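Printed here is run_14.txt (compact mmCIF, C-alpha atoms and all ligand atoms):
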# COMPACT_ATOMS: atom_id res chain seq x y z
CA MET I 240 3.99 -41.72 32.77
CA LYS I 241 3.31 -38.19 31.49
CA LYS I 242 6.21 -36.90 33.57
CA LYS I 243 8.56 -39.50 32.14
CA LYS I 244 7.57 -38.55 28.59
CA GLY I 245 8.27 -34.90 29.36
CA LYS I 246 11.68 -35.75 30.72
CA MET I 247 12.48 -37.85 27.66
CA LYS I 248 11.46 -34.99 25.37
CA ALA I 249 13.72 -32.56 27.24
CA LEU I 250 16.59 -35.02 27.03
CA ILE I 251 16.12 -35.46 23.28
CA ILE I 252 16.06 -31.68 22.80
CA ILE I 253 19.25 -31.25 24.83
CA LEU I 254 20.98 -34.03 22.88
CA ALA I 255 19.85 -32.49 19.58
CA VAL I 256 21.22 -29.07 20.61
CA ILE I 257 24.56 -30.64 21.57
CA VAL I 258 24.80 -32.50 18.24
CA VAL I 259 23.83 -29.44 16.16
CA ALA I 260 26.21 -27.15 18.12
CA GLY I 261 28.96 -29.73 17.76
CA ILE I 262 28.52 -30.03 13.99
CA GLY I 263 28.15 -26.25 13.62
CA GLY I 264 31.19 -25.57 15.78
CA ASN I 265 33.26 -28.07 13.87
CA LEU I 266 32.22 -26.59 10.51
CA TYR I 267 33.05 -23.13 11.84
CA LEU I 268 36.48 -24.20 13.04
CA ARG I 269 37.21 -25.83 9.69
CA SER I 270 36.11 -22.67 7.88
CA LEU I 271 38.85 -20.73 9.69
CA GLY I 272 41.40 -22.29 7.40
CA ARG I 273 39.50 -21.45 4.21
CA VAL I 274 40.90 -18.94 1.78
CA THR I 275 38.26 -16.24 1.48
CA MET I 276 37.59 -13.37 -0.89
CA PRO I 277 38.65 -10.08 0.71
CA LYS I 278 36.34 -7.06 0.52
CA PHE I 279 38.49 -3.95 0.76
CA GLU I 280 36.70 -0.85 2.04
CA LYS I 281 37.61 2.71 1.11
CA ILE I 282 39.03 4.68 4.07
CA ALA I 283 40.62 7.68 2.30
CA ASP I 284 41.27 9.01 -1.20
CA GLY I 285 42.80 6.04 -3.06
CA VAL I 286 43.28 4.09 0.17
CA TYR I 287 41.47 0.82 0.92
CA ALA I 288 41.57 -1.45 3.97
CA TYR I 289 40.77 -5.05 4.79
CA SER I 290 41.08 -7.00 8.03
CA GLU I 291 41.71 -10.73 7.86
CA ALA I 292 41.05 -13.70 10.15
CA LEU I 293 40.76 -14.10 13.91
CA ASN I 294 43.95 -12.19 14.61
CA GLN I 295 42.47 -9.23 12.71
CA SER I 296 45.51 -8.67 10.51
CA ASN I 297 44.97 -5.44 8.61
CA MET I 298 46.06 -4.71 5.05
CA TYR I 299 46.00 -1.36 3.26
CA LEU I 300 45.95 -0.84 -0.48
CA VAL I 301 47.23 2.53 -1.73
CA VAL I 302 46.54 3.24 -5.39
CA GLY I 303 48.69 5.55 -7.56
CA SER I 304 48.34 6.24 -11.29
CA GLU I 305 50.85 3.57 -12.38
CA LYS I 306 51.05 1.13 -9.49
CA ALA I 307 49.29 0.12 -6.31
CA ALA I 308 51.00 -0.82 -3.06
CA LEU I 309 49.63 -3.37 -0.64
CA ILE I 310 50.91 -2.56 2.84
CA ASP I 311 51.17 -5.97 4.54
CA SER I 312 49.65 -9.17 3.22
CA ALA I 313 48.33 -10.76 6.45
CA ASN I 314 48.18 -14.53 7.01
CA GLY I 315 47.67 -15.66 3.42
CA LEU I 316 44.05 -16.66 4.11
CA SER I 317 42.56 -14.24 1.55
CA ASP I 318 42.52 -14.44 -2.22
CA LEU I 319 44.30 -11.09 -2.46
CA PRO I 320 44.69 -10.81 -6.26
CA ASP I 321 40.93 -11.32 -6.77
CA GLY I 322 40.02 -8.91 -3.97
CA ILE I 323 42.39 -6.24 -5.31
CA ALA I 324 41.12 -6.73 -8.88
CA GLU I 325 37.76 -5.38 -7.67
CA ILE I 326 39.52 -2.05 -7.00
CA THR I 327 42.34 -1.72 -9.53
CA ASP I 328 43.97 -3.56 -12.41
CA LEU I 329 47.32 -1.75 -11.94
CA PRO I 330 50.43 -3.78 -11.05
CA VAL I 331 50.71 -4.36 -7.29
CA ILE I 332 53.81 -4.27 -5.10
CA VAL I 333 53.80 -5.40 -1.47
CA ILE I 334 55.47 -3.47 1.35
CA ASN I 335 55.75 -5.39 4.63
CA THR I 336 55.80 -3.23 7.77
CA HIS I 337 57.80 -6.02 9.46
CA GLY I 338 58.67 -9.69 9.16
CA HIS I 339 55.98 -11.40 11.26
CA TYR I 340 53.99 -14.20 9.62
CA ASP I 341 50.64 -12.43 10.12
CA HIS I 342 51.86 -9.55 7.93
CA THR I 343 53.83 -11.52 5.31
CA ARG I 344 52.19 -14.88 4.57
CA GLY I 345 50.05 -13.42 1.77
CA ASN I 346 53.28 -12.39 -0.02
CA HIS I 347 53.12 -15.58 -2.04
CA TYR I 348 50.42 -14.08 -4.27
CA PHE I 349 52.86 -11.40 -5.50
CA ASP I 350 56.20 -11.13 -7.35
CA GLU I 351 57.44 -7.78 -6.05
CA VAL I 352 57.71 -7.71 -2.26
CA TYR I 353 59.73 -5.36 -0.02
CA MET I 354 60.74 -5.71 3.61
CA SER I 355 63.43 -4.31 5.90
CA GLU I 356 66.62 -6.39 5.82
CA LYS I 357 66.76 -5.87 9.58
CA ASP I 358 63.79 -8.26 9.88
CA ALA I 359 65.35 -11.08 7.82
CA ASP I 360 65.99 -13.21 10.93
CA THR I 361 62.56 -12.44 12.40
CA PHE I 362 60.95 -13.47 9.10
CA GLU I 363 62.87 -16.79 9.10
CA MET I 364 62.11 -17.47 12.75
CA TRP I 365 58.34 -17.00 12.35
CA ASN I 366 58.26 -19.16 9.24
CA ASP I 367 59.27 -22.06 11.48
CA PRO I 368 56.00 -23.75 12.63
CA ALA I 369 57.55 -24.32 16.07
CA THR I 370 57.70 -20.54 16.69
CA LEU I 371 53.99 -20.15 15.95
CA GLU I 372 53.10 -23.14 18.16
CA ASP I 373 55.28 -21.82 21.00
CA SER I 374 53.64 -18.40 20.78
CA MET I 375 50.24 -19.96 21.51
CA LYS I 376 51.32 -21.71 24.72
CA GLU I 377 50.44 -18.80 27.01
CA SER I 378 46.92 -18.40 25.56
CA PRO I 379 43.85 -19.87 27.29
CA ALA I 380 42.97 -23.44 26.21
CA LEU I 381 39.83 -22.40 24.27
CA ILE I 382 41.77 -19.78 22.26
CA GLN I 383 44.48 -22.36 21.57
CA MET I 384 41.86 -24.82 20.29
CA ILE I 385 40.27 -22.27 17.96
CA MET I 386 43.58 -20.87 16.76
CA GLU I 387 44.95 -24.34 16.07
CA TYR I 388 42.75 -24.67 12.97
CA GLN I 389 43.71 -21.26 11.66
CA ASN I 390 47.41 -21.75 12.42
CA LYS I 391 47.43 -25.13 10.63
CA ALA I 392 45.99 -23.41 7.54
CA ILE I 393 48.57 -20.61 7.79
CA GLU I 394 51.40 -23.12 8.06
CA GLU I 395 50.24 -24.72 4.83
CA MET I 396 50.53 -21.43 2.92
CA PRO I 397 53.47 -21.19 0.53
CA ILE I 398 56.27 -18.87 1.69
CA ASN I 399 57.64 -16.23 -0.66
CA GLU I 400 61.34 -16.03 0.19
CA ASN I 401 62.06 -13.69 -2.72
CA TRP I 402 61.51 -10.39 -0.97
CA LYS I 403 63.71 -7.38 -1.67
CA PRO I 404 65.18 -4.95 0.87
CA LEU I 405 63.42 -1.60 1.22
CA PRO I 406 64.73 0.94 -1.34
CA GLU I 407 67.80 2.91 -0.19
CA ASP I 408 66.09 6.27 -0.65
CA GLY I 409 63.12 5.01 1.39
CA THR I 410 60.47 5.91 -1.20
CA PHE I 411 58.05 4.10 -3.50
CA ASP I 412 56.83 6.01 -6.54
CA LEU I 413 53.34 4.77 -7.41
CA GLY I 414 52.84 7.41 -10.12
CA GLY I 415 51.49 10.74 -8.90
CA ARG I 416 51.84 9.45 -5.36
CA THR I 417 54.90 8.60 -3.31
CA LEU I 418 55.01 6.42 -0.22
CA GLU I 419 57.80 6.99 2.28
CA VAL I 420 59.40 4.59 4.74
CA VAL I 421 59.68 5.76 8.36
CA GLU I 422 61.84 3.42 10.44
CA THR I 423 60.19 2.67 13.79
CA PRO I 424 62.11 -0.17 15.50
CA GLY I 425 60.70 -1.55 18.75
CA HIS I 426 58.21 -4.37 18.13
CA THR I 427 60.87 -5.86 15.82
CA PRO I 428 64.29 -4.52 14.68
CA GLY I 429 63.07 -3.84 11.14
CA SER I 430 59.62 -2.41 11.90
CA VAL I 431 58.66 0.51 9.68
CA CYS I 432 55.67 2.79 9.19
CA ILE I 433 54.63 3.84 5.71
CA LEU I 434 53.72 7.48 5.10
CA ASP I 435 51.29 8.69 2.44
CA ARG I 436 51.65 12.49 2.46
CA GLN I 437 48.78 12.87 0.01
CA THR I 438 46.19 11.81 2.58
CA GLY I 439 48.27 12.47 5.72
CA SER I 440 48.10 8.77 6.52
CA LEU I 441 50.69 6.79 8.46
CA PHE I 442 50.35 3.02 8.25
CA THR I 443 51.91 1.80 11.46
CA GLY I 444 52.01 -2.01 11.21
CA ASP I 445 52.46 -3.31 14.77
CA SER I 446 54.43 -0.25 15.92
CA ILE I 447 51.17 1.04 17.39
CA THR I 448 47.76 -0.61 17.08
CA ASN I 449 44.30 -0.66 18.61
CA SER I 450 45.28 -3.94 20.25
CA GLY I 451 48.34 -2.44 22.00
CA VAL I 452 52.00 -3.10 21.34
CA LEU I 453 54.18 -6.16 21.92
CA LEU I 454 57.70 -5.35 23.09
CA GLN I 455 58.27 -8.61 25.00
CA LEU I 456 59.20 -10.74 22.00
CA LYS I 457 62.63 -12.26 21.61
CA GLU I 458 63.24 -9.97 18.62
CA SER I 459 61.83 -6.82 20.28
CA GLN I 460 64.12 -3.83 20.80
CA PRO I 461 64.77 -1.94 24.04
CA ILE I 462 61.91 0.26 25.27
CA SER I 463 64.16 3.32 24.88
CA THR I 464 64.46 2.52 21.14
CA TYR I 465 60.68 2.23 20.87
CA ILE I 466 60.27 5.61 22.59
CA GLU I 467 62.46 7.17 19.87
CA SER I 468 60.14 5.61 17.28
CA LEU I 469 57.08 7.08 19.03
CA ASP I 470 58.86 10.46 18.98
CA LYS I 471 59.25 10.18 15.21
CA MET I 472 55.50 9.57 14.87
CA GLN I 473 54.73 12.45 17.21
CA LYS I 474 56.89 14.82 15.17
CA LEU I 475 54.97 13.92 12.01
CA ILE I 476 51.70 14.56 13.84
CA ASP I 477 52.90 17.84 15.38
CA ASP I 478 54.14 19.32 12.07
CA GLY I 479 50.82 18.47 10.37
CA THR I 480 52.23 15.80 8.04
CA VAL I 481 50.16 13.02 9.62
CA SER I 482 46.49 13.37 10.47
CA SER I 483 45.52 9.67 10.47
CA LEU I 484 47.17 6.59 11.92
CA TYR I 485 46.17 3.17 10.62
CA GLY I 486 47.29 0.11 12.59
CA GLY I 487 48.17 -3.46 11.75
CA HIS I 488 45.52 -5.10 13.96
CA ALA I 489 42.00 -4.46 15.26
CA GLU I 490 40.11 -1.28 14.24
CA PHE I 491 41.88 0.51 11.40
CA SER I 492 41.94 4.10 12.66
CA ILE I 493 44.02 4.85 15.77
CA ASP I 494 43.36 7.85 18.00
CA LEU I 495 46.32 10.24 17.66
CA THR I 496 46.48 10.64 21.44
CA LEU I 497 47.59 7.02 21.75
CA VAL I 498 51.11 8.04 20.66
CA PRO I 499 51.81 10.39 23.63
CA ASP I 500 49.89 8.06 25.96
CA PHE I 501 52.02 5.06 24.95
CA ARG I 502 55.14 7.22 25.24
CA LYS I 503 54.24 8.11 28.82
CA GLY I 504 53.49 4.43 29.57
CA CYS I 505 56.90 3.42 28.23
CA GLU I 506 58.62 6.15 30.26
CA ASP I 507 56.80 4.85 33.37
CA ILE I 508 58.01 1.29 32.66
CA LEU I 509 61.59 2.54 32.16
CA ASN I 510 61.56 4.70 35.30
CA GLY I 511 59.90 2.06 37.47
CA ASN I 512 56.72 4.12 37.94
CA ILE I 513 54.52 1.04 37.68
CA THR I 514 53.13 -1.40 40.24
CA SER I 515 55.18 -4.46 41.11
CA ASP I 516 52.25 -6.54 39.86
CA ASP I 517 52.38 -4.91 36.39
CA ARG I 518 56.13 -5.30 36.35
CA GLU I 519 55.95 -8.98 37.23
CA LYS I 520 53.32 -9.64 34.60
CA GLY I 521 55.17 -7.57 32.02
CA VAL I 522 52.02 -5.71 31.01
CA LEU I 523 51.07 -2.07 31.47
CA GLU I 524 47.56 -1.05 30.44
CA VAL I 525 47.35 2.35 28.78
CA ASP I 526 43.98 3.62 27.53
CA GLY I 527 42.69 0.07 28.04
CA LEU I 528 45.37 -1.38 25.74
CA PRO I 529 48.36 -3.50 26.74
CA ILE I 530 52.00 -2.51 26.39
CA LYS I 531 53.71 -5.87 26.83
CA PHE I 532 57.36 -5.94 27.86
CA ASN I 533 59.91 -8.36 29.21
CA PRO I 534 60.54 -7.56 32.90
CA ASP I 535 64.04 -9.06 32.59
CA ARG I 536 64.97 -6.84 29.64
CA ILE I 537 63.82 -3.34 30.53
CA GLY I 538 66.07 -0.74 28.98
ZN ZN M 1 54.10 -8.16 14.56
Using structure tokens, write down the structure that the file contains.
Amino acid sequence: MKKKKGKMKALIIILAVIVVAGIGGNLYLRSLGRVTMPKFEKIADGVYAYSEALNQSNMYLVVGSEKAALIDSANGLSDLPDGIAEITDLPVIVINTHGHYDHTRGNHYFDEVYMSEKDADTFEMWNDPATLEDSMKESPALIQMIMEYQNKAIEEMPINENWKPLPEDGTFDLGGRTLEVVETPGHTPGSVCILDRQTGSLFTGDSITNSGVLLQLKESQPISTYIESLDKMQKLIDDGTVSSLYGGHAEFSIDLTLVPDFRKGCEDILNGNITSDDREKGVLEVDGLPIKFNPDRIG
């Protein structure tokens, strides 16, 4: 009888744990779609950073004397005006490093938004919910389940179609501070980096990140084009203009050595100096990070 009671108790405890975990898990999943208050952290003189949501979409706020620029606006899951108001009350413009949804969906909070015209089609394509759903198909089932909640919330965000092309002279005057556009096609046709000479910072978007680089997308450019973009970054590092790289995903600060390492990786892919397994999978690991490419479109 005593044994039976003990068994019953264990069963009740197990059931209780399952119920509590289930409710907790469900609440957590639902919270993924909630708009939250961003807490920007200072990373350099007049430069602030914030990383949003499960896909760790990074945003950078650069403050001048007359204006502030928000470099990328992530998924739209943060109350950006309120978060920025904690730092500055200056007018804010948005500069998108490229047209992907996880860098542009927060644009709807702002009136003045800039993006490369070369990413107009990419922007349209990723605003179609089918593209986002398709992109999840290769992920493991658990990731798909978790991301489904977040993606649903992202899809419900308003889309700001009123973006302007990047200025012809490639500069943004923020008052006492000028940001410069550096074109770095590869991940997408219109990918750019944004240079802040004042702090020696280069904001790289998805052109190079601490989660690797994706060159396998439909809109990605040939690897040889991406190598030219890496060379541009390297030149800015070599002549002392750039001392810090800040990426569009994962940890903000990128080790400068990742640029030559990725360049070598890309050369190896181009020249066939990779294993047949890597080639088939379309992934080369460099410094523990993936360079993803399309094996049918190497060039
Ligand atoms: Zn991207």
Contacts between ligand ZN 1 (chain M) and chain I, please, where a residue of chain I counts if it comes within 8 Å (with only C-alpha atoms and all ligand atoms); show its shortest atom pair and distance in Å to one decimal, rows by chain and ascending number, as a tab-separated table.
residue	atom	partner	partner_atom	distance
I:His337	CA	M:ZN1	ZN	6.7
I:Gly338	CA	M:ZN1	ZN	7.2
I:His339	CA	M:ZN1	ZN	5.0
I:Tyr340	CA	M:ZN1	ZN	7.8
I:Asp341	CA	M:ZN1	ZN	7.1
I:His342	CA	M:ZN1	ZN	7.1
I:His426	CA	M:ZN1	ZN	6.6
I:Thr427	CA	M:ZN1	ZN	7.3
I:Gly444	CA	M:ZN1	ZN	7.3
I:Asp445	CA	M:ZN1	ZN	5.1
I:Leu453	CA	M:ZN1	ZN	7.6
Using all atoms listed in the file, which residues of region 386-477 of chain I come within 6 Å of region 350-367 of chain I, and what is the closest atom pair for each, with the distance in Å to one decimal? Give it as JSON lines, sorted by chain and residue number.
{"residue": "I:Trp402", "atom": "CA", "partner": "I:Val352", "partner_atom": "CA", "distance": 4.8}
{"residue": "I:Lys403", "atom": "CA", "partner": "I:Tyr353", "partner_atom": "CA", "distance": 4.8}
{"residue": "I:Pro404", "atom": "CA", "partner": "I:Met354", "partner_atom": "CA", "distance": 5.3}
{"residue": "I:Leu405", "atom": "CA", "partner": "I:Ser355", "partner_atom": "CA", "distance": 5.4}
{"residue": "I:Pro428", "atom": "CA", "partner": "I:Lys357", "partner_atom": "CA", "distance": 5.8}
{"residue": "I:Gly429", "atom": "CA", "partner": "I:Lys357", "partner_atom": "CA", "distance": 4.5}
Checklist outcome for this item: Using only C-alpha atoms, the residue out of I:Ser515, I:Thr275, I:Ser459, I:Ser483 with shortest distance to Gly538 (chain I) is I:Ser459
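Of note, CA of Pro277 (chain I) and CA of Leu371 (chain I) are spaced 23.9 Å apart.
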Item to check | Two-atom distance - CA of Glu458 (chain I), CA of Ala369 (chain I) (Å) | outcome: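 That distance, rounded to one decimal, is 15.6 Å.
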Item to check | Within-8 Å shell of (44.0, -1.2, 1.0) in input frame, all atoms listed in the file, as a PyMOL selection string | outcome: chain I and resi 279-281+286-289+298-301+309-310
Next on the checklist: I'd like the interatomic distance between CA of Glu519 (chain I) and CA of Asn533 (chain I), to a tenth of an Å.
Outcome noted: 9.0 Å
Checklist entry - Any idea what's packed within 12 Å of Ala324 (chain I), counting all atoms listed in the file, ignoring anything in its chain fewer than 5 positions away? Could you give it as an NGL selection string? => result :I and (276-279 or 300 or 302 or 307 or 318-319 or 329-331)
Checklist entry - Counting all atoms listed in the file, which of I:Val274, I:Leu293, I:Ile251, I:Ile508 gets nearest to Pro461 (chain I)? => result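 The answer is I:Ile508, which sits nearest to Pro461 (chain I).
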Item to check | Given all atoms listed in the file as the counted atoms, nearest of I:Val481, I:Met386, I:Leu469, I:Val525 to Arg436 (chain I) | outcome: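 Between I:Val481, I:Met386, I:Leu469, I:Val525, the residue approaching Arg436 (chain I) most closely is I:Val481.
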Starting from the incomplete input, reconstruct N, CA and C atoms of region 269-296 of chain I and report them as a PDB file, in the frame of the given file.
ATOM      1  N   ARG I 269      36.592 -25.463  10.966  1.00  0.00           N
ATOM      2  CA  ARG I 269      37.210 -25.830   9.690  1.00  0.00           C
ATOM      3  C   ARG I 269      37.247 -24.639   8.733  1.00  0.00           C
ATOM      4  N   SER I 270      36.198 -23.812   8.798  1.00  0.00           N
ATOM      5  CA  SER I 270      36.110 -22.670   7.880  1.00  0.00           C
ATOM      6  C   SER I 270      37.215 -21.646   8.155  1.00  0.00           C
ATOM      7  N   LEU I 271      37.799 -21.706   9.355  1.00  0.00           N
ATOM      8  CA  LEU I 271      38.850 -20.730   9.690  1.00  0.00           C
ATOM      9  C   LEU I 271      40.058 -20.869   8.775  1.00  0.00           C
ATOM     10  N   GLY I 272      40.249 -22.062   8.258  1.00  0.00           N
ATOM     11  CA  GLY I 272      41.400 -22.290   7.400  1.00  0.00           C
ATOM     12  C   GLY I 272      41.118 -22.043   5.930  1.00  0.00           C
ATOM     13  N   ARG I 273      39.892 -21.617   5.622  1.00  0.00           N
ATOM     14  CA  ARG I 273      39.500 -21.450   4.210  1.00  0.00           C
ATOM     15  C   ARG I 273      40.032 -20.137   3.661  1.00  0.00           C
ATOM     16  N   VAL I 274      40.487 -20.185   2.433  1.00  0.00           N
ATOM     17  CA  VAL I 274      40.900 -18.940   1.780  1.00  0.00           C
ATOM     18  C   VAL I 274      39.647 -18.204   1.332  1.00  0.00           C
ATOM     19  N   THR I 275      39.488 -16.980   1.787  1.00  0.00           N
ATOM     20  CA  THR I 275      38.260 -16.240   1.480  1.00  0.00           C
ATOM     21  C   THR I 275      38.557 -15.054   0.567  1.00  0.00           C
ATOM     22  N   MET I 276      37.485 -14.511   0.016  1.00  0.00           N
ATOM     23  CA  MET I 276      37.590 -13.370  -0.890  1.00  0.00           C
ATOM     24  C   MET I 276      37.577 -12.081  -0.060  1.00  0.00           C
ATOM     25  N   PRO I 277      38.647 -11.306  -0.098  1.00  0.00           N
ATOM     26  CA  PRO I 277      38.650 -10.080   0.710  1.00  0.00           C
ATOM     27  C   PRO I 277      37.784  -8.981   0.099  1.00  0.00           C
ATOM     28  N   LYS I 278      37.136  -8.221   0.965  1.00  0.00           N
ATOM     29  CA  LYS I 278      36.340  -7.060   0.520  1.00  0.00           C
ATOM     30  C   LYS I 278      36.996  -5.820   1.090  1.00  0.00           C
ATOM     31  N   PHE I 279      37.822  -5.165   0.293  1.00  0.00           N
ATOM     32  CA  PHE I 279      38.490  -3.950   0.760  1.00  0.00           C
ATOM     33  C   PHE I 279      37.478  -2.814   0.854  1.00  0.00           C
ATOM     34  N   GLU I 280      37.588  -2.012   1.917  1.00  0.00           N
ATOM     35  CA  GLU I 280      36.700  -0.850   2.040  1.00  0.00           C
ATOM     36  C   GLU I 280      37.525   0.429   1.915  1.00  0.00           C
ATOM     37  N   LYS I 281      36.906   1.454   1.310  1.00  0.00           N
ATOM     38  CA  LYS I 281      37.610   2.710   1.110  1.00  0.00           C
ATOM     39  C   LYS I 281      37.683   3.480   2.425  1.00  0.00           C
ATOM     40  N   ILE I 282      38.913   3.919   2.809  1.00  0.00           N
ATOM     41  CA  ILE I 282      39.030   4.680   4.070  1.00  0.00           C
ATOM     42  C   ILE I 282      39.565   6.087   3.832  1.00  0.00           C
ATOM     43  N   ALA I 283      40.142   6.336   2.657  1.00  0.00           N
ATOM     44  CA  ALA I 283      40.620   7.680   2.300  1.00  0.00           C
ATOM     45  C   ALA I 283      40.773   7.714   0.785  1.00  0.00           C
ATOM     46  N   ASP I 284      41.153   8.880   0.242  1.00  0.00           N
ATOM     47  CA  ASP I 284      41.270   9.010  -1.200  1.00  0.00           C
ATOM     48  C   ASP I 284      42.314   8.024  -1.754  1.00  0.00           C
ATOM     49  N   GLY I 285      41.882   7.031  -2.496  1.00  0.00           N
ATOM     50  CA  GLY I 285      42.800   6.040  -3.060  1.00  0.00           C
ATOM     51  C   GLY I 285      43.405   5.094  -2.034  1.00  0.00           C
ATOM     52  N   VAL I 286      42.783   4.985  -0.885  1.00  0.00           N
ATOM     53  CA  VAL I 286      43.280   4.090   0.170  1.00  0.00           C
ATOM     54  C   VAL I 286      42.151   3.137   0.600  1.00  0.00           C
ATOM     55  N   TYR I 287      42.464   1.850   0.607  1.00  0.00           N
ATOM     56  CA  TYR I 287      41.470   0.820   0.920  1.00  0.00           C
ATOM     57  C   TYR I 287      42.014  -0.086   2.021  1.00  0.00           C
ATOM     58  N   ALA I 288      41.123  -0.636   2.837  1.00  0.00           N
ATOM     59  CA  ALA I 288      41.570  -1.450   3.970  1.00  0.00           C
ATOM     60  C   ALA I 288      40.775  -2.746   4.039  1.00  0.00           C
ATOM     61  N   TYR I 289      41.436  -3.764   4.550  1.00  0.00           N
ATOM     62  CA  TYR I 289      40.770  -5.050   4.790  1.00  0.00           C
ATOM     63  C   TYR I 289      41.413  -5.735   5.986  1.00  0.00           C
ATOM     64  N   SER I 290      40.577  -6.316   6.833  1.00  0.00           N
ATOM     65  CA  SER I 290      41.080  -7.000   8.030  1.00  0.00           C
ATOM     66  C   SER I 290      40.799  -8.492   7.898  1.00  0.00           C
ATOM     67  N   GLU I 291      41.833  -9.300   8.119  1.00  0.00           N
ATOM     68  CA  GLU I 291      41.710 -10.730   7.860  1.00  0.00           C
ATOM     69  C   GLU I 291      41.820 -11.580   9.126  1.00  0.00           C
ATOM     70  N   ALA I 292      40.960 -12.588   9.198  1.00  0.00           N
ATOM     71  CA  ALA I 292      41.050 -13.700  10.150  1.00  0.00           C
ATOM     72  C   ALA I 292      40.882 -13.298  11.611  1.00  0.00           C
ATOM     73  N   LEU I 293      41.023 -14.300  12.489  1.00  0.00           N
ATOM     74  CA  LEU I 293      40.760 -14.100  13.910  1.00  0.00           C
ATOM     75  C   LEU I 293      41.747 -13.144  14.559  1.00  0.00           C
ATOM     76  N   ASN I 294      42.967 -13.102  14.033  1.00  0.00           N
ATOM     77  CA  ASN I 294      43.950 -12.190  14.610  1.00  0.00           C
ATOM     78  C   ASN I 294      43.842 -10.780  14.028  1.00  0.00           C
ATOM     79  N   GLN I 295      42.783 -10.556  13.253  1.00  0.00           N
ATOM     80  CA  GLN I 295      42.470  -9.230  12.710  1.00  0.00           C
ATOM     81  C   GLN I 295      43.705  -8.546  12.119  1.00  0.00           C
ATOM     82  N   SER I 296      44.330  -9.229  11.182  1.00  0.00           N
ATOM     83  CA  SER I 296      45.510  -8.670  10.510  1.00  0.00           C
ATOM     84  C   SER I 296      45.051  -7.721   9.411  1.00  0.00           C
TER      85      SER I 296
END
